[in-house]
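Peer 1: Structure incoming, see below.
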Amino acid sequence: SPIVAGNIGYAGLTEASGLAVSLSNPGVIWANNDSGDGPVIYAMGLDGTYLGALTLTGATALDWEDMAVGPCGASECLYVGDIGDNGASRTDAVVYRVPEPVVDPVVPFEEMALDTWDVFPFSYPNGPRDAEALGVHPNEQVYIFSKYPTGTSEVYVFPVLTPDEPVEL
């Protein structure tokens with residue numbers, strides 16, 4: 001049976017759309033709000049205790065849907081998908097990648113701004129899609145999962161990850 005491990009301890013995290021368990025910081029969970037928030041990633045303890053907010057300075061957040069922790073070279077990175085598109089009309093979907101900062105799972109850091117991150121713009125082979133999830137394979141391949149009102153889903157993969165260079169999935 002499920003048990004309640006805790007409650008999210010930050011009133012600003014109103015629509016946690018993406019969650020990722022840290023690999024570099026045991027005891028830390030990263031989260032992002034769905035559309036309507038800025039380019040902010042929230043950190044919390046395993047019991048939901050608020051640790052702080054990480055802002056990606058200069059990034060945009062039209063409709064952040066999901067995030068993942070995955071490799072980037074010899075380190076771990078946070079991958080965030082600005083991939084939501086309920087109207088299936090966006091031509092500016094992107095995935096952000098930022099090196100995972102070191103944080104203490106017990107001591108709040110409150111606010112942190114990072115201006116070093118990569119952006120990976122992409123398009124779909126048959127026009128815009130509404131995507132809700134992303135995943136990162138241990139080999140660094142990034143996957144995007146779309147949805148349709150009919151219940152059908154599609155999985156797309158980045159052919160390469162080259163910052164700032166648009167690719168077709």
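In the structure tokens, each chain is lettered A, B, ... as it comes, each chain's residues begin at 1, and ligands are numbered from 1 in order of appearance.
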Counting only C-alpha atoms, what are the residues of range 109-152 of chain A within 12 Å of range 56-61 of chain A, and for each of them which pair of atoms is the nearest and at what distance in Å, to one decimal? Sort the table by chain and rising number, as JSON lines.
Peer 2:
```
{"residue": "A:Glu111", "atom": "CA", "partner": "A:Leu56", "partner_atom": "CA", "distance": 11.2}
{"residue": "A:Met112", "atom": "CA", "partner": "A:Leu56", "partner_atom": "CA", "distance": 8.8}
{"residue": "A:Ala113", "atom": "CA", "partner": "A:Leu56", "partner_atom": "CA", "distance": 6.1}
{"residue": "A:Leu114", "atom": "CA", "partner": "A:Leu56", "partner_atom": "CA", "distance": 5.2}
{"residue": "A:Asp115", "atom": "CA", "partner": "A:Thr57", "partner_atom": "CA", "distance": 4.9}
{"residue": "A:Thr116", "atom": "CA", "partner": "A:Leu56", "partner_atom": "CA", "distance": 7.9}
{"residue": "A:Trp117", "atom": "CA", "partner": "A:Leu56", "partner_atom": "CA", "distance": 7.4}
{"residue": "A:Asp118", "atom": "CA", "partner": "A:Ala59", "partner_atom": "CA", "distance": 9.6}
{"residue": "A:Val119", "atom": "CA", "partner": "A:Ala59", "partner_atom": "CA", "distance": 8.6}
{"residue": "A:Phe120", "atom": "CA", "partner": "A:Ala59", "partner_atom": "CA", "distance": 11.7}
```
Peer 1: Restrict the selected residues to N, CA and C atoms and save them as an mmCIF file, in the first residue's frame.
Peer 2:
```cif
data_model
loop_
_atom_site.group_PDB
_atom_site.id
_atom_site.type_symbol
_atom_site.label_atom_id
_atom_site.label_comp_id
_atom_site.auth_asym_id
_atom_site.auth_seq_id
_atom_site.Cartn_x
_atom_site.Cartn_y
_atom_site.Cartn_z
ATOM 1 N N GLU A 111 17.967 30.332 -2.977
ATOM 2 C CA GLU A 111 17.970 30.817 -4.369
ATOM 3 C C GLU A 111 19.333 30.575 -5.000
ATOM 4 N N MET A 112 19.320 30.131 -6.263
ATOM 5 C CA MET A 112 20.550 29.945 -7.016
ATOM 6 C C MET A 112 20.227 30.280 -8.473
ATOM 7 N N ALA A 113 21.087 31.037 -9.115
ATOM 8 C CA ALA A 113 20.907 31.364 -10.529
ATOM 9 C C ALA A 113 22.084 30.803 -11.314
ATOM 10 N N LEU A 114 21.760 30.144 -12.405
ATOM 11 C CA LEU A 114 22.790 29.595 -13.283
ATOM 12 C C LEU A 114 22.638 30.194 -14.673
ATOM 13 N N ASP A 115 23.727 30.697 -15.208
ATOM 14 C CA ASP A 115 23.671 31.228 -16.571
ATOM 15 C C ASP A 115 24.450 30.351 -17.538
ATOM 16 N N THR A 116 24.892 29.195 -17.070
ATOM 17 C CA THR A 116 25.587 28.248 -17.933
ATOM 18 C C THR A 116 24.696 27.026 -18.122
ATOM 19 N N TRP A 117 24.115 26.922 -19.291
ATOM 20 C CA TRP A 117 23.242 25.811 -19.650
ATOM 21 C C TRP A 117 23.240 25.677 -21.160
ATOM 22 N N ASP A 118 22.812 24.529 -21.641
ATOM 23 C CA ASP A 118 22.692 24.274 -23.078
ATOM 24 C C ASP A 118 21.228 24.198 -23.449
ATOM 25 N N VAL A 119 20.932 24.583 -24.679
ATOM 26 C CA VAL A 119 19.572 24.462 -25.195
ATOM 27 C C VAL A 119 19.622 23.676 -26.502
ATOM 28 N N PHE A 120 18.656 22.754 -26.646
ATOM 29 C CA PHE A 120 18.586 21.893 -27.813
ATOM 30 C C PHE A 120 17.222 22.070 -28.483
#
```
Peer 1: Hey, what's within 9 Å of range 143-159 of chain A if we count only C-alpha atoms and toss same-chain stuff fewer than 2 positions away? As a count of residues only, please?
Peer 2: 19
Peer 1: Here is a test: counting only C-alpha atoms, which residue of A:Thr162, A:Ser123, A:Asn33, A:Ser22 is nearest to Gly70 in chain A?
Peer 2: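 Among the listed residues, the smallest separation from Gly70 in chain A belongs to A:Ser22.
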Peer 1: Please report the interatomic distance between CA of Cys72 in chain A and CA of Glu140 in chain A in Å with one decimal.
Peer 2: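 Computing it gives 6.5 Å between the two atoms.
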Peer 1: Residues within 7 Å of range 46-55 of chain A, please, as an NGL selection string. Count only C-alpha atoms; anything in the same chain fewer than 3 positions from it doesn't count.
Peer 2: :A and (5-10 or 27-29 or 39-43 or 107-114)
Peer 1: Calculated over only C-alpha atoms, which of the candidates A:Ala11, A:Met67, A:Val106, A:Val98 has the smallest distance to Ala31 in chain A?
Peer 2: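 Nearest to Ala31 in chain A: A:Met67.
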